[in-house]
Amino acid sequence: MQPDRSVLNDEQWERIRPLLPAHRGRIGATGRNHRLFIEAILYRYRTGCPWRDLPEKFGDFRVVHRRFSRWSQKGLWEKIFRLLSQDADREYVMLDTTLVRAHQHSAGAAKKGEF
């Protein structure tokens with residue numbers, strides 16, 4: 001049996017599900033599987049892959065990207081992030097390296113007495 005490689009656990013999913021667009025009673029097409037879509041987005045950001053390199057199990061990358069953009073414009077990602085960050089367990093921490101400065105010696109600076 002393959003291990004579950006999903007990013008969202010059931011508790012997190014249940015917390016964010018009420019924030020997502022409803023399937024019933026809406027005019028127009030809605031995504032069939034919100035959880036798979038969110039897993040696709042988390043997969044992309046976890047791996048850093050381009051949109052077109054999303055695995056096929058997530059569907060057409062163009063559709064995923066379009067849906068991601070719509071949710072961004074509506075502010076859904078910010079709402080999800082705010083909800084889940086309220087009780088961060090710090091299991092995963094992401095650092096943006098533009099904010100991390102390396103020590104001068106790690107950049108190959110000349111040591112005293114070398115010149």
# chains A, B, ... in the order shown; residues from 1 in each chain; ligands from 1
$ residues_around --residues "A:Leu42" --least-positions-apart "3" --cutoff "12 Å" --atoms "only C-alpha atoms" --output "PDB file with C-alpha atoms, in the first residue's frame"
ATOM      1  CA  ARG A   5       1.330  11.812   0.259  1.00  0.00           C
ATOM      2  CA  SER A   6      -1.355  14.454   0.588  1.00  0.00           C
ATOM      3  CA  VAL A   7      -0.386  17.727   2.152  1.00  0.00           C
ATOM      4  CA  LEU A   8      -3.640  18.569   3.873  1.00  0.00           C
ATOM      5  CA  ARG A  35      -9.365  19.086  -2.273  1.00  0.00           C
ATOM      6  CA  LEU A  36      -7.506  17.708  -5.289  1.00  0.00           C
ATOM      7  CA  PHE A  37      -7.191  21.239  -6.650  1.00  0.00           C
ATOM      8  CA  ILE A  38      -5.743  22.538  -3.378  1.00  0.00           C
ATOM      9  CA  GLU A  39      -3.364  19.571  -3.281  1.00  0.00           C
ATOM     10  CA  TYR A  45       4.630  25.366  -4.334  1.00  0.00           C
ATOM     11  CA  ARG A  46       6.268  22.566  -2.398  1.00  0.00           C
ATOM     12  CA  THR A  47       8.233  21.341  -5.428  1.00  0.00           C
ATOM     13  CA  GLY A  48       8.696  24.660  -7.205  1.00  0.00           C
ATOM     14  CA  CYS A  49       7.682  23.134 -10.534  1.00  0.00           C
ATOM     15  CA  TRP A  51       2.542  25.033 -13.961  1.00  0.00           C
ATOM     16  CA  LEU A  54       2.020  19.469 -12.685  1.00  0.00           C
ATOM     17  CA  PHE A  58      -4.215  17.037 -10.977  1.00  0.00           C
ATOM     18  CA  VAL A  64      -5.605  24.524 -12.533  1.00  0.00           C
ATOM     19  CA  PHE A  68      -5.852  29.414  -8.983  1.00  0.00           C
ATOM     20  CA  TRP A  77      -6.087  32.001  -0.680  1.00  0.00           C
ATOM     21  CA  PHE A  81      -3.863  31.055   4.845  1.00  0.00           C
TER      22      PHE A  81
END
$ atom_distance --atom1 "atom CA of A:Asp87" --atom2 "atom CA of A:Tyr43"
21.5 Å
